[in-house]
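Asks: Provided herewith: query_1.cif, mmCIF, N, CA and C atoms.
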data_query
loop_
_atom_site.label_atom_id
_atom_site.label_comp_id
_atom_site.auth_asym_id
_atom_site.auth_seq_id
_atom_site.Cartn_x
_atom_site.Cartn_y
_atom_site.Cartn_z
N PRO A 1 0.82 -1.22 0.00
CA PRO A 1 0.00 0.00 0.00
C PRO A 1 0.86 1.27 0.00
N LEU A 2 0.37 2.25 -0.66
CA LEU A 2 1.03 3.55 -0.73
C LEU A 2 0.98 4.21 0.64
N LEU A 3 2.10 4.78 1.09
CA LEU A 3 2.16 5.48 2.36
C LEU A 3 2.82 6.82 2.11
N THR A 4 2.06 7.90 2.27
CA THR A 4 2.55 9.23 1.96
C THR A 4 2.33 10.15 3.15
N PRO A 5 3.39 10.78 3.66
CA PRO A 5 3.20 11.75 4.75
C PRO A 5 2.75 13.10 4.21
N PHE A 6 1.98 13.83 4.99
CA PHE A 6 1.67 15.22 4.66
C PHE A 6 1.54 16.00 5.95
N THR A 7 1.97 17.26 5.89
CA THR A 7 1.96 18.11 7.07
C THR A 7 0.85 19.14 6.95
N VAL A 8 0.14 19.32 8.04
CA VAL A 8 -0.92 20.31 8.12
C VAL A 8 -0.40 21.45 9.00
N ALA A 9 -0.21 22.61 8.40
CA ALA A 9 0.30 23.77 9.14
C ALA A 9 -0.77 24.34 10.05
N ALA A 10 -0.37 25.08 11.05
CA ALA A 10 -1.31 25.68 12.01
C ALA A 10 -2.28 26.65 11.34
N HIS A 11 -1.86 27.33 10.29
CA HIS A 11 -2.71 28.33 9.63
C HIS A 11 -3.62 27.74 8.55
N THR A 12 -3.56 26.44 8.31
CA THR A 12 -4.33 25.82 7.23
C THR A 12 -5.82 26.07 7.37
N GLY A 13 -6.36 25.96 8.56
CA GLY A 13 -7.79 26.18 8.77
C GLY A 13 -8.22 27.59 8.43
N ARG A 14 -7.41 28.57 8.81
CA ARG A 14 -7.73 29.97 8.50
C ARG A 14 -7.65 30.24 7.00
N ARG A 15 -6.64 29.69 6.36
CA ARG A 15 -6.49 29.92 4.91
C ARG A 15 -7.63 29.26 4.14
N PHE A 16 -7.99 28.02 4.52
CA PHE A 16 -9.07 27.33 3.81
C PHE A 16 -10.40 28.02 4.09
N ALA A 17 -10.59 28.53 5.29
CA ALA A 17 -11.84 29.23 5.62
C ALA A 17 -12.03 30.44 4.71
N CYS A 18 -10.96 31.13 4.39
CA CYS A 18 -11.05 32.29 3.48
C CYS A 18 -11.49 31.86 2.09
N VAL A 19 -11.05 30.70 1.66
CA VAL A 19 -11.38 30.21 0.32
C VAL A 19 -12.81 29.68 0.25
N CYS A 20 -13.19 28.88 1.25
CA CYS A 20 -14.48 28.18 1.18
C CYS A 20 -15.61 28.91 1.90
N GLY A 21 -15.28 29.87 2.75
CA GLY A 21 -16.32 30.61 3.47
C GLY A 21 -16.80 29.94 4.75
N ASP A 22 -16.21 28.81 5.12
CA ASP A 22 -16.59 28.09 6.35
C ASP A 22 -15.73 28.64 7.49
N ILE A 23 -16.24 29.68 8.15
CA ILE A 23 -15.48 30.35 9.21
C ILE A 23 -15.89 29.76 10.57
N ASN A 24 -15.72 28.47 10.71
CA ASN A 24 -16.09 27.76 11.94
C ASN A 24 -14.93 27.89 12.93
N PRO A 25 -15.19 28.31 14.16
CA PRO A 25 -14.12 28.54 15.14
C PRO A 25 -13.26 27.31 15.43
N ILE A 26 -13.78 26.10 15.22
CA ILE A 26 -12.97 24.90 15.51
C ILE A 26 -11.81 24.76 14.53
N HIS A 27 -11.85 25.48 13.41
CA HIS A 27 -10.80 25.39 12.40
C HIS A 27 -9.78 26.53 12.48
N LEU A 28 -10.00 27.52 13.34
CA LEU A 28 -9.24 28.76 13.23
C LEU A 28 -8.05 28.87 14.18
N TYR A 29 -8.28 28.80 15.46
CA TYR A 29 -7.23 29.04 16.46
C TYR A 29 -7.37 28.04 17.60
N GLN A 30 -6.28 27.83 18.33
CA GLN A 30 -6.33 26.92 19.47
C GLN A 30 -7.34 27.40 20.51
N CYS A 31 -7.34 28.70 20.79
CA CYS A 31 -8.25 29.21 21.83
C CYS A 31 -9.72 29.05 21.42
N THR A 32 -10.05 29.21 20.14
CA THR A 32 -11.45 29.05 19.73
C THR A 32 -11.82 27.58 19.62
N ALA A 33 -10.88 26.74 19.22
CA ALA A 33 -11.16 25.30 19.17
C ALA A 33 -11.40 24.74 20.56
N ARG A 34 -10.68 25.25 21.55
CA ARG A 34 -10.85 24.77 22.93
C ARG A 34 -12.25 25.06 23.47
N LEU A 35 -12.87 26.14 23.02
CA LEU A 35 -14.23 26.45 23.44
C LEU A 35 -15.22 25.34 23.05
N PHE A 36 -14.84 24.53 22.05
CA PHE A 36 -15.70 23.47 21.57
C PHE A 36 -15.16 22.08 21.90
N GLY A 37 -14.19 22.02 22.83
CA GLY A 37 -13.71 20.75 23.34
C GLY A 37 -12.52 20.14 22.62
N TYR A 38 -11.91 20.86 21.68
CA TYR A 38 -10.73 20.35 20.97
C TYR A 38 -9.46 20.96 21.57
N ARG A 39 -8.40 20.16 21.67
CA ARG A 39 -7.12 20.65 22.19
C ARG A 39 -6.48 21.66 21.25
N ARG A 40 -6.66 21.42 19.96
CA ARG A 40 -6.08 22.28 18.92
C ARG A 40 -7.11 22.42 17.80
N PRO A 41 -6.90 23.37 16.89
CA PRO A 41 -7.82 23.48 15.77
C PRO A 41 -7.78 22.20 14.92
N ILE A 42 -8.89 21.92 14.23
CA ILE A 42 -8.96 20.73 13.39
C ILE A 42 -9.13 21.16 11.93
N ALA A 43 -8.60 20.33 11.05
CA ALA A 43 -8.66 20.61 9.61
C ALA A 43 -10.09 20.41 9.10
N HIS A 44 -10.47 21.18 8.09
CA HIS A 44 -11.74 20.98 7.40
C HIS A 44 -11.72 19.61 6.74
N GLY A 45 -12.83 18.91 6.79
CA GLY A 45 -12.92 17.60 6.14
C GLY A 45 -12.72 17.67 4.64
N MET A 46 -13.32 18.66 3.99
CA MET A 46 -13.17 18.78 2.54
C MET A 46 -11.73 19.10 2.16
N TRP A 47 -11.03 19.89 2.96
CA TRP A 47 -9.62 20.17 2.70
C TRP A 47 -8.82 18.87 2.77
N THR A 48 -9.10 18.07 3.79
CA THR A 48 -8.38 16.82 3.99
C THR A 48 -8.57 15.88 2.80
N VAL A 49 -9.82 15.72 2.36
CA VAL A 49 -10.09 14.84 1.22
C VAL A 49 -9.44 15.40 -0.05
N ALA A 50 -9.45 16.70 -0.22
CA ALA A 50 -8.81 17.30 -1.39
C ALA A 50 -7.31 17.01 -1.40
N VAL A 51 -6.66 17.06 -0.26
CA VAL A 51 -5.23 16.74 -0.17
C VAL A 51 -5.00 15.27 -0.55
N VAL A 52 -5.83 14.40 -0.03
CA VAL A 52 -5.71 12.97 -0.34
C VAL A 52 -5.87 12.74 -1.84
N LEU A 53 -6.93 13.30 -2.42
CA LEU A 53 -7.19 13.09 -3.84
C LEU A 53 -6.09 13.65 -4.72
N ALA A 54 -5.58 14.83 -4.37
CA ALA A 54 -4.48 15.42 -5.14
C ALA A 54 -3.26 14.52 -5.10
N GLN A 55 -2.96 13.98 -3.94
CA GLN A 55 -1.79 13.10 -3.81
C GLN A 55 -1.99 11.81 -4.59
N LEU A 56 -3.16 11.21 -4.50
CA LEU A 56 -3.43 9.97 -5.23
C LEU A 56 -3.38 10.19 -6.74
N GLU A 57 -3.90 11.32 -7.19
CA GLU A 57 -3.86 11.61 -8.62
C GLU A 57 -2.43 11.88 -9.08
N ARG A 58 -1.68 12.63 -8.29
CA ARG A 58 -0.29 12.93 -8.61
C ARG A 58 0.54 11.66 -8.74
N GLN A 59 0.23 10.66 -7.94
CA GLN A 59 0.98 9.41 -7.96
C GLN A 59 0.40 8.39 -8.94
N GLY A 60 -0.63 8.80 -9.69
CA GLY A 60 -1.19 7.93 -10.71
C GLY A 60 -2.12 6.85 -10.19
N GLU A 61 -2.53 6.96 -8.93
CA GLU A 61 -3.43 5.95 -8.35
C GLU A 61 -4.87 6.12 -8.81
N VAL A 62 -5.29 7.35 -9.07
CA VAL A 62 -6.67 7.62 -9.48
C VAL A 62 -6.69 8.66 -10.60
N HIS A 63 -7.79 8.68 -11.33
CA HIS A 63 -8.05 9.70 -12.36
C HIS A 63 -9.40 10.31 -12.01
N LEU A 64 -9.40 11.56 -11.62
CA LEU A 64 -10.58 12.18 -11.01
C LEU A 64 -11.57 12.77 -12.00
N LYS A 65 -11.27 12.76 -13.29
CA LYS A 65 -12.20 13.36 -14.25
C LYS A 65 -13.54 12.63 -14.27
N SER A 66 -13.54 11.35 -14.02
CA SER A 66 -14.79 10.59 -14.00
C SER A 66 -14.72 9.54 -12.90
N ALA A 67 -15.01 9.99 -11.68
CA ALA A 67 -14.93 9.10 -10.53
C ALA A 67 -15.92 9.54 -9.46
N THR A 68 -16.29 8.60 -8.62
CA THR A 68 -17.10 8.87 -7.44
C THR A 68 -16.20 8.77 -6.22
N VAL A 69 -16.33 9.75 -5.33
CA VAL A 69 -15.50 9.77 -4.12
C VAL A 69 -16.42 9.66 -2.91
N GLU A 70 -16.05 8.79 -2.00
CA GLU A 70 -16.77 8.66 -0.72
C GLU A 70 -15.75 8.78 0.39
N ALA A 71 -16.14 9.45 1.48
CA ALA A 71 -15.24 9.59 2.63
C ALA A 71 -16.02 9.54 3.93
N SER A 72 -15.42 8.95 4.93
CA SER A 72 -15.97 8.92 6.28
C SER A 72 -14.97 9.54 7.23
N PHE A 73 -15.42 10.49 8.02
CA PHE A 73 -14.56 11.20 8.95
C PHE A 73 -14.75 10.59 10.33
N LEU A 74 -13.71 9.90 10.81
CA LEU A 74 -13.82 9.13 12.05
C LEU A 74 -13.35 9.89 13.28
N ARG A 75 -12.29 10.69 13.10
CA ARG A 75 -11.72 11.48 14.19
C ARG A 75 -11.22 12.80 13.62
N PRO A 76 -11.14 13.81 14.47
CA PRO A 76 -10.65 15.09 13.96
C PRO A 76 -9.16 15.03 13.61
N LEU A 77 -8.80 15.75 12.58
CA LEU A 77 -7.41 15.86 12.14
C LEU A 77 -6.85 17.14 12.75
N LEU A 78 -6.05 16.99 13.81
CA LEU A 78 -5.54 18.14 14.55
C LEU A 78 -4.45 18.88 13.77
N MET A 79 -4.40 20.20 13.97
CA MET A 79 -3.38 21.04 13.34
C MET A 79 -2.60 21.76 14.44
N PRO A 80 -1.31 22.01 14.29
CA PRO A 80 -0.44 21.48 13.25
C PRO A 80 -0.05 20.05 13.57
N ALA A 81 0.21 19.28 12.53
CA ALA A 81 0.63 17.88 12.70
C ALA A 81 1.00 17.29 11.36
N THR A 82 1.69 16.16 11.42
CA THR A 82 1.96 15.38 10.22
C THR A 82 1.13 14.11 10.30
N HIS A 83 0.51 13.76 9.19
CA HIS A 83 -0.32 12.57 9.09
C HIS A 83 0.14 11.75 7.89
N HIS A 84 -0.42 10.57 7.72
CA HIS A 84 -0.06 9.72 6.58
C HIS A 84 -1.31 9.29 5.82
N ILE A 85 -1.14 9.17 4.51
CA ILE A 85 -2.17 8.64 3.63
C ILE A 85 -1.73 7.24 3.22
N THR A 86 -2.60 6.27 3.39
CA THR A 86 -2.35 4.94 2.85
C THR A 86 -3.40 4.68 1.78
N ALA A 87 -3.02 3.94 0.77
CA ALA A 87 -3.97 3.64 -0.31
C ALA A 87 -3.69 2.27 -0.88
N HIS A 88 -4.77 1.64 -1.33
CA HIS A 88 -4.67 0.33 -1.96
C HIS A 88 -5.63 0.31 -3.13
N THR A 89 -5.12 0.00 -4.31
CA THR A 89 -5.95 -0.01 -5.51
C THR A 89 -6.25 -1.45 -5.93
N THR A 90 -7.53 -1.71 -6.19
CA THR A 90 -7.96 -2.99 -6.73
C THR A 90 -8.49 -2.75 -8.14
N HIS A 91 -9.06 -3.76 -8.75
CA HIS A 91 -9.61 -3.58 -10.09
C HIS A 91 -10.90 -2.76 -10.08
N THR A 92 -11.51 -2.55 -8.92
CA THR A 92 -12.78 -1.81 -8.87
C THR A 92 -12.67 -0.41 -8.27
N CYS A 93 -11.70 -0.19 -7.37
CA CYS A 93 -11.60 1.13 -6.72
C CYS A 93 -10.25 1.29 -6.03
N THR A 94 -10.02 2.51 -5.55
CA THR A 94 -8.87 2.79 -4.70
C THR A 94 -9.41 3.17 -3.32
N ARG A 95 -9.01 2.44 -2.32
CA ARG A 95 -9.40 2.74 -0.94
C ARG A 95 -8.26 3.50 -0.27
N PHE A 96 -8.64 4.51 0.52
CA PHE A 96 -7.60 5.30 1.19
C PHE A 96 -7.93 5.48 2.66
N GLU A 97 -6.90 5.76 3.43
CA GLU A 97 -7.04 6.07 4.84
C GLU A 97 -6.08 7.20 5.18
N VAL A 98 -6.47 8.01 6.13
CA VAL A 98 -5.58 9.00 6.73
C VAL A 98 -5.40 8.58 8.17
N VAL A 99 -4.14 8.45 8.57
CA VAL A 99 -3.82 8.02 9.94
C VAL A 99 -2.86 9.03 10.57
N THR A 100 -2.79 9.00 11.89
CA THR A 100 -1.85 9.86 12.60
C THR A 100 -0.43 9.45 12.23
N GLN A 101 0.52 10.32 12.55
CA GLN A 101 1.91 10.08 12.17
C GLN A 101 2.42 8.75 12.71
N ASP A 102 2.02 8.39 13.91
CA ASP A 102 2.48 7.13 14.49
C ASP A 102 1.64 5.93 14.03
N GLY A 103 0.60 6.19 13.24
CA GLY A 103 -0.24 5.12 12.72
C GLY A 103 -1.23 4.57 13.73
N ALA A 104 -1.29 5.14 14.92
CA ALA A 104 -2.13 4.60 15.99
C ALA A 104 -3.62 4.91 15.83
N LYS A 105 -3.94 6.03 15.15
CA LYS A 105 -5.35 6.43 15.04
C LYS A 105 -5.75 6.61 13.60
N LEU A 106 -6.88 6.00 13.26
CA LEU A 106 -7.47 6.13 11.95
C LEU A 106 -8.39 7.37 11.96
N LEU A 107 -8.14 8.32 11.06
CA LEU A 107 -8.87 9.59 11.06
C LEU A 107 -9.93 9.66 9.97
N VAL A 108 -9.59 9.23 8.76
CA VAL A 108 -10.49 9.31 7.62
C VAL A 108 -10.33 8.03 6.79
N THR A 109 -11.44 7.52 6.29
CA THR A 109 -11.39 6.42 5.33
C THR A 109 -12.21 6.83 4.12
N GLY A 110 -11.92 6.21 2.99
CA GLY A 110 -12.70 6.54 1.81
C GLY A 110 -12.31 5.70 0.63
N SER A 111 -12.98 6.02 -0.49
CA SER A 111 -12.70 5.30 -1.73
C SER A 111 -12.94 6.20 -2.93
N VAL A 112 -12.24 5.86 -4.01
CA VAL A 112 -12.43 6.52 -5.30
C VAL A 112 -12.76 5.42 -6.29
N THR A 113 -13.93 5.53 -6.91
CA THR A 113 -14.39 4.51 -7.85
C THR A 113 -14.58 5.14 -9.23
N PRO A 114 -13.92 4.59 -10.25
CA PRO A 114 -14.12 5.12 -11.60
C PRO A 114 -15.56 4.92 -12.05
N LEU A 115 -16.06 5.86 -12.85
CA LEU A 115 -17.43 5.72 -13.38
C LEU A 115 -17.44 4.84 -14.61
#
Would you write the structure of this file as structure tokens?

Replies:
Amino acid sequence: PLLTPFTVAAHTGRRFACVCGDINPIHLYQCTARLFGYRRPIAHGMWTVAVVLAQLERQGEVHLKSATVEASFLRPLLMPATHHITAHTTHTCTRFEVVTQDGAKLLVTGSVTPL
């Protein structure tokens, strides 16, 4: 399986919020995320899936022009941090996971299926 590290910077939530318009306090700063029970800000789910898909396409694992994408968000992706993408391609789809740097926690699972 493909194993690719990626780093999420502390400002990622603020930058993505400006682009997408989702100005949710859990994504912005540590102090605002703590008001909602998080130790640190968490990455937007759509940002996370976009990073995964870009990496899989860059490595030739998927072709996104005609595909269905499904994702399940299991745990928050804390920022700043480094995480890993794992992927496995079969004849029907590519399944992916995002895990913590140490591999101990599964954060996101999903699949890309060609149409």

Asks: Kindly indicate which residue among A:Leu3, A:Leu115, A:Ala54, A:Cys31 lies nearest to Thr68 of chain A, using all atoms listed in the file for the distances.

Replies: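 Once distances to Thr68 of chain A are computed over all atoms listed in the file, the minimum belongs to A:Leu115.
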
Asks: Just the number, please: distance in Å from atom N of Lys105 of chain A to atom C of Met46 of chain A, one decimal.

Replies: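 Taking atom N of Lys105 of chain A and atom C of Met46 of chain A, their separation equals 20.0 Å.
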
Asks: Can you pull out the residues contacting segment 9-20 of chain A? Cut-off 5 Å, using only N, CA and C atoms, and skip same-chain residues under 2 positions away; I want them as a PDB file with N, CA and C atoms, in the frame of the given file.

Replies:
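Wrote selection.pdb, looks like this:
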ATOM      1  N   THR A   7       1.970  17.260   5.890  1.00  0.00           N
ATOM      2  CA  THR A   7       1.960  18.110   7.070  1.00  0.00           C
ATOM      3  C   THR A   7       0.850  19.140   6.950  1.00  0.00           C
ATOM      4  N   ASP A  22     -16.210  28.810   5.120  1.00  0.00           N
ATOM      5  CA  ASP A  22     -16.590  28.090   6.350  1.00  0.00           C
ATOM      6  C   ASP A  22     -15.730  28.640   7.490  1.00  0.00           C
ATOM      7  N   HIS A  27     -11.850  25.480  13.410  1.00  0.00           N
ATOM      8  CA  HIS A  27     -10.800  25.390  12.400  1.00  0.00           C
ATOM      9  C   HIS A  27      -9.780  26.530  12.480  1.00  0.00           C
ATOM     10  N   LEU A  28     -10.000  27.520  13.340  1.00  0.00           N
ATOM     11  CA  LEU A  28      -9.240  28.760  13.230  1.00  0.00           C
ATOM     12  C   LEU A  28      -8.050  28.870  14.180  1.00  0.00           C
ATOM     13  N   MET A  79      -4.400  20.200  13.970  1.00  0.00           N
ATOM     14  CA  MET A  79      -3.380  21.040  13.340  1.00  0.00           C
ATOM     15  C   MET A  79      -2.600  21.760  14.440  1.00  0.00           C
ATOM     16  N   PRO A  80      -1.310  22.010  14.290  1.00  0.00           N
ATOM     17  CA  PRO A  80      -0.440  21.480  13.250  1.00  0.00           C
ATOM     18  C   PRO A  80      -0.050  20.050  13.570  1.00  0.00           C
TER      19      PRO A  80
END

Asks: Might you spell out which residues the PyMOL selection byres (((chain A and resi 82-94 and name CA) around 9) and name CA) would select in the displayed file, as a ChimeraX atom specification?

Replies: /A:1-9,52,55-56,61-62,77,79-81,95-103,110-114

Asks: Output the selection as a JSON list (two decimals), keeping the file's coordinate frame - N, CA and C atoms for each residue.

Replies:
[["chain", "number", "residue", "atom", "x", "y", "z"],
["A", 1, "PRO", "N", 0.82, -1.22, 0.00],
["A", 1, "PRO", "CA", 0.00, 0.00, 0.00],
["A", 1, "PRO", "C", 0.86, 1.27, 0.00],
["A", 2, "LEU", "N", 0.37, 2.25, -0.66],
["A", 2, "LEU", "CA", 1.03, 3.55, -0.73],
["A", 2, "LEU", "C", 0.98, 4.21, 0.64],
["A", 3, "LEU", "N", 2.10, 4.78, 1.09],
["A", 3, "LEU", "CA", 2.16, 5.48, 2.36],
["A", 3, "LEU", "C", 2.82, 6.82, 2.11],
["A", 4, "THR", "N", 2.06, 7.90, 2.27],
["A", 4, "THR", "CA", 2.55, 9.23, 1.96],
["A", 4, "THR", "C", 2.33, 10.15, 3.15],
["A", 5, "PRO", "N", 3.39, 10.78, 3.66],
["A", 5, "PRO", "CA", 3.20, 11.75, 4.75],
["A", 5, "PRO", "C", 2.75, 13.10, 4.21],
["A", 6, "PHE", "N", 1.98, 13.83, 4.99],
["A", 6, "PHE", "CA", 1.67, 15.22, 4.66],
["A", 6, "PHE", "C", 1.54, 16.00, 5.95],
["A", 7, "THR", "N", 1.97, 17.26, 5.89],
["A", 7, "THR", "CA", 1.96, 18.11, 7.07],
["A", 7, "THR", "C", 0.85, 19.14, 6.95],
["A", 8, "VAL", "N", 0.14, 19.32, 8.04],
["A", 8, "VAL", "CA", -0.92, 20.31, 8.12],
["A", 8, "VAL", "C", -0.40, 21.45, 9.00],
["A", 9, "ALA", "N", -0.21, 22.61, 8.40],
["A", 9, "ALA", "CA", 0.30, 23.77, 9.14],
["A", 9, "ALA", "C", -0.77, 24.34, 10.05],
["A", 52, "VAL", "N", -5.83, 14.40, -0.03],
["A", 52, "VAL", "CA", -5.71, 12.97, -0.34],
["A", 52, "VAL", "C", -5.87, 12.74, -1.84],
["A", 55, "GLN", "N", -2.96, 13.98, -3.94],
["A", 55, "GLN", "CA", -1.79, 13.10, -3.81],
["A", 55, "GLN", "C", -1.99, 11.81, -4.59],
["A", 56, "LEU", "N", -3.16, 11.21, -4.50],
["A", 56, "LEU", "CA", -3.43, 9.97, -5.23],
["A", 56, "LEU", "C", -3.38, 10.19, -6.74],
["A", 61, "GLU", "N", -2.53, 6.96, -8.93],
["A", 61, "GLU", "CA", -3.43, 5.95, -8.35],
["A", 61, "GLU", "C", -4.87, 6.12, -8.81],
["A", 62, "VAL", "N", -5.29, 7.35, -9.07],
["A", 62, "VAL", "CA", -6.67, 7.62, -9.48],
["A", 62, "VAL", "C", -6.69, 8.66, -10.60],
["A", 77, "LEU", "N", -8.80, 15.75, 12.58],
["A", 77, "LEU", "CA", -7.41, 15.86, 12.14],
["A", 77, "LEU", "C", -6.85, 17.14, 12.75],
["A", 79, "MET", "N", -4.40, 20.20, 13.97],
["A", 79, "MET", "CA", -3.38, 21.04, 13.34],
["A", 79, "MET", "C", -2.60, 21.76, 14.44],
["A", 80, "PRO", "N", -1.31, 22.01, 14.29],
["A", 80, "PRO", "CA", -0.44, 21.48, 13.25],
["A", 80, "PRO", "C", -0.05, 20.05, 13.57],
["A", 81, "ALA", "N", 0.21, 19.28, 12.53],
["A", 81, "ALA", "CA", 0.63, 17.88, 12.70],
["A", 81, "ALA", "C", 1.00, 17.29, 11.36],
["A", 95, "ARG", "N", -9.01, 2.44, -2.32],
["A", 95, "ARG", "CA", -9.40, 2.74, -0.94],
["A", 95, "ARG", "C", -8.26, 3.50, -0.27],
["A", 96, "PHE", "N", -8.64, 4.51, 0.52],
["A", 96, "PHE", "CA", -7.60, 5.30, 1.19],
["A", 96, "PHE", "C", -7.93, 5.48, 2.66],
["A", 97, "GLU", "N", -6.90, 5.76, 3.43],
["A", 97, "GLU", "CA", -7.04, 6.07, 4.84],
["A", 97, "GLU", "C", -6.08, 7.20, 5.18],
["A", 98, "VAL", "N", -6.47, 8.01, 6.13],
["A", 98, "VAL", "CA", -5.58, 9.00, 6.73],
["A", 98, "VAL", "C", -5.40, 8.58, 8.17],
["A", 99, "VAL", "N", -4.14, 8.45, 8.57],
["A", 99, "VAL", "CA", -3.82, 8.02, 9.94],
["A", 99, "VAL", "C", -2.86, 9.03, 10.57],
["A", 100, "THR", "N", -2.79, 9.00, 11.89],
["A", 100, "THR", "CA", -1.85, 9.86, 12.60],
["A", 100, "THR", "C", -0.43, 9.45, 12.23],
["A", 101, "GLN", "N", 0.52, 10.32, 12.55],
["A", 101, "GLN", "CA", 1.91, 10.08, 12.17],
["A", 101, "GLN", "C", 2.42, 8.75, 12.71],
["A", 102, "ASP", "N", 2.02, 8.39, 13.91],
["A", 102, "ASP", "CA", 2.48, 7.13, 14.49],
["A", 102, "ASP", "C", 1.64, 5.93, 14.03],
["A", 103, "GLY", "N", 0.60, 6.19, 13.24],
["A", 103, "GLY", "CA", -0.24, 5.12, 12.72],
["A", 103, "GLY", "C", -1.23, 4.57, 13.73],
["A", 110, "GLY", "N", -11.92, 6.21, 2.99],
["A", 110, "GLY", "CA", -12.70, 6.54, 1.81],
["A", 110, "GLY", "C", -12.31, 5.70, 0.63],
["A", 111, "SER", "N", -12.98, 6.02, -0.49],
["A", 111, "SER", "CA", -12.70, 5.30, -1.73],
["A", 111, "SER", "C", -12.94, 6.20, -2.93],
["A", 112, "VAL", "N", -12.24, 5.86, -4.01],
["A", 112, "VAL", "CA", -12.43, 6.52, -5.30],
["A", 112, "VAL", "C", -12.76, 5.42, -6.29],
["A", 113, "THR", "N", -13.93, 5.53, -6.91],
["A", 113, "THR", "CA", -14.39, 4.51, -7.85],
["A", 113, "THR", "C", -14.58, 5.14, -9.23],
["A", 114, "PRO", "N", -13.92, 4.59, -10.25],
["A", 114, "PRO", "CA", -14.12, 5.12, -11.60],
["A", 114, "PRO", "C", -15.56, 4.92, -12.05]]

Asks: Hey, could you pull the box centre and edge lengths for segment 40-55 of chain A, axis-aligned, 4 Å padding per side, all listed atoms, to one decimal in Å, as AutoDock Vina command-line options?

Replies:
--center_x -7.6 --center_y 17.6 --center_z 7.4 --size_x 19.5 --size_y 19.7 --size_z 33.1

Asks: Considering only alpha helix (DSSP H) as DSSP defines it on the backbone, what residues of segment 54-102 of chain A qualify? List them as a ChimeraX atom specification.

Replies: /A:54-58

Asks: Report, in Å with one decimal, the straight-line distance from atom CA of Leu78 of chain A to atom CA of Tyr38 of chain A.

Replies: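 Computing it gives 8.5 Å between the two atoms.
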
Asks: In Å, with one decimal, what is the gap from atom C of Asn24 of chain A to atom C of Ala104 of chain A?

Replies: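 Atom-to-atom, atom C of Asn24 of chain A to atom C of Ala104 of chain A, that is 25.8 Å.
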
Asks: If you run DSSP on the backbone, which residues of segment 3-111 of chain A are strand (DSSP E or B), as a PyMOL selection string?

Replies: chain A and resi 3-8+42+67-73+78+81-89+94-100+106-111

Asks: For Phe73 of chain A, which of A:Ala50, A:Gly21, A:Arg58, A:Val108 is the closest residue, counting all atoms listed in the file?

Replies: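 Under the stated criterion, the closest residue is A:Val108.
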
Asks: For Leu35 of chain A, please output as a ChimeraX atom specification all residues within 8 Å (counting all atoms listed in the file; exclusion window: fewer than 5 positions along the same chain).

Replies: /A:25-26,29-30

Asks: Would you output segment 18-60 of chain A from that structure, restricted to C-alpha atoms, as a short mmCIF file (atom, residue, chain, number, x, y, z; two decimals), in the first residue's frame?

Replies:
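selection19.cif, written as the output of this step:
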data_model
loop_
_atom_site.label_atom_id
_atom_site.label_comp_id
_atom_site.auth_asym_id
_atom_site.auth_seq_id
_atom_site.Cartn_x
_atom_site.Cartn_y
_atom_site.Cartn_z
CA CYS A 18 -11.05 32.29 3.48
CA VAL A 19 -11.38 30.21 0.32
CA CYS A 20 -14.48 28.18 1.18
CA GLY A 21 -16.32 30.61 3.47
CA ASP A 22 -16.59 28.09 6.35
CA ILE A 23 -15.48 30.35 9.21
CA ASN A 24 -16.09 27.76 11.94
CA PRO A 25 -14.12 28.54 15.14
CA ILE A 26 -12.97 24.90 15.51
CA HIS A 27 -10.80 25.39 12.40
CA LEU A 28 -9.24 28.76 13.23
CA TYR A 29 -7.23 29.04 16.46
CA GLN A 30 -6.33 26.92 19.47
CA CYS A 31 -8.25 29.21 21.83
CA THR A 32 -11.45 29.05 19.73
CA ALA A 33 -11.16 25.30 19.17
CA ARG A 34 -10.85 24.77 22.93
CA LEU A 35 -14.23 26.45 23.44
CA PHE A 36 -15.70 23.47 21.57
CA GLY A 37 -13.71 20.75 23.34
CA TYR A 38 -10.73 20.35 20.97
CA ARG A 39 -7.12 20.65 22.19
CA ARG A 40 -6.08 22.28 18.92
CA PRO A 41 -7.82 23.48 15.77
CA ILE A 42 -8.96 20.73 13.39
CA ALA A 43 -8.66 20.61 9.61
CA HIS A 44 -11.74 20.98 7.40
CA GLY A 45 -12.92 17.60 6.14
CA MET A 46 -13.17 18.78 2.54
CA TRP A 47 -9.62 20.17 2.70
CA THR A 48 -8.38 16.82 3.99
CA VAL A 49 -10.09 14.84 1.22
CA ALA A 50 -8.81 17.30 -1.39
CA VAL A 51 -5.23 16.74 -0.17
CA VAL A 52 -5.71 12.97 -0.34
CA LEU A 53 -7.19 13.09 -3.84
CA ALA A 54 -4.48 15.42 -5.14
CA GLN A 55 -1.79 13.10 -3.81
CA LEU A 56 -3.43 9.97 -5.23
CA GLU A 57 -3.86 11.61 -8.62
CA ARG A 58 -0.29 12.93 -8.61
CA GLN A 59 0.98 9.41 -7.96
CA GLY A 60 -1.19 7.93 -10.71
#
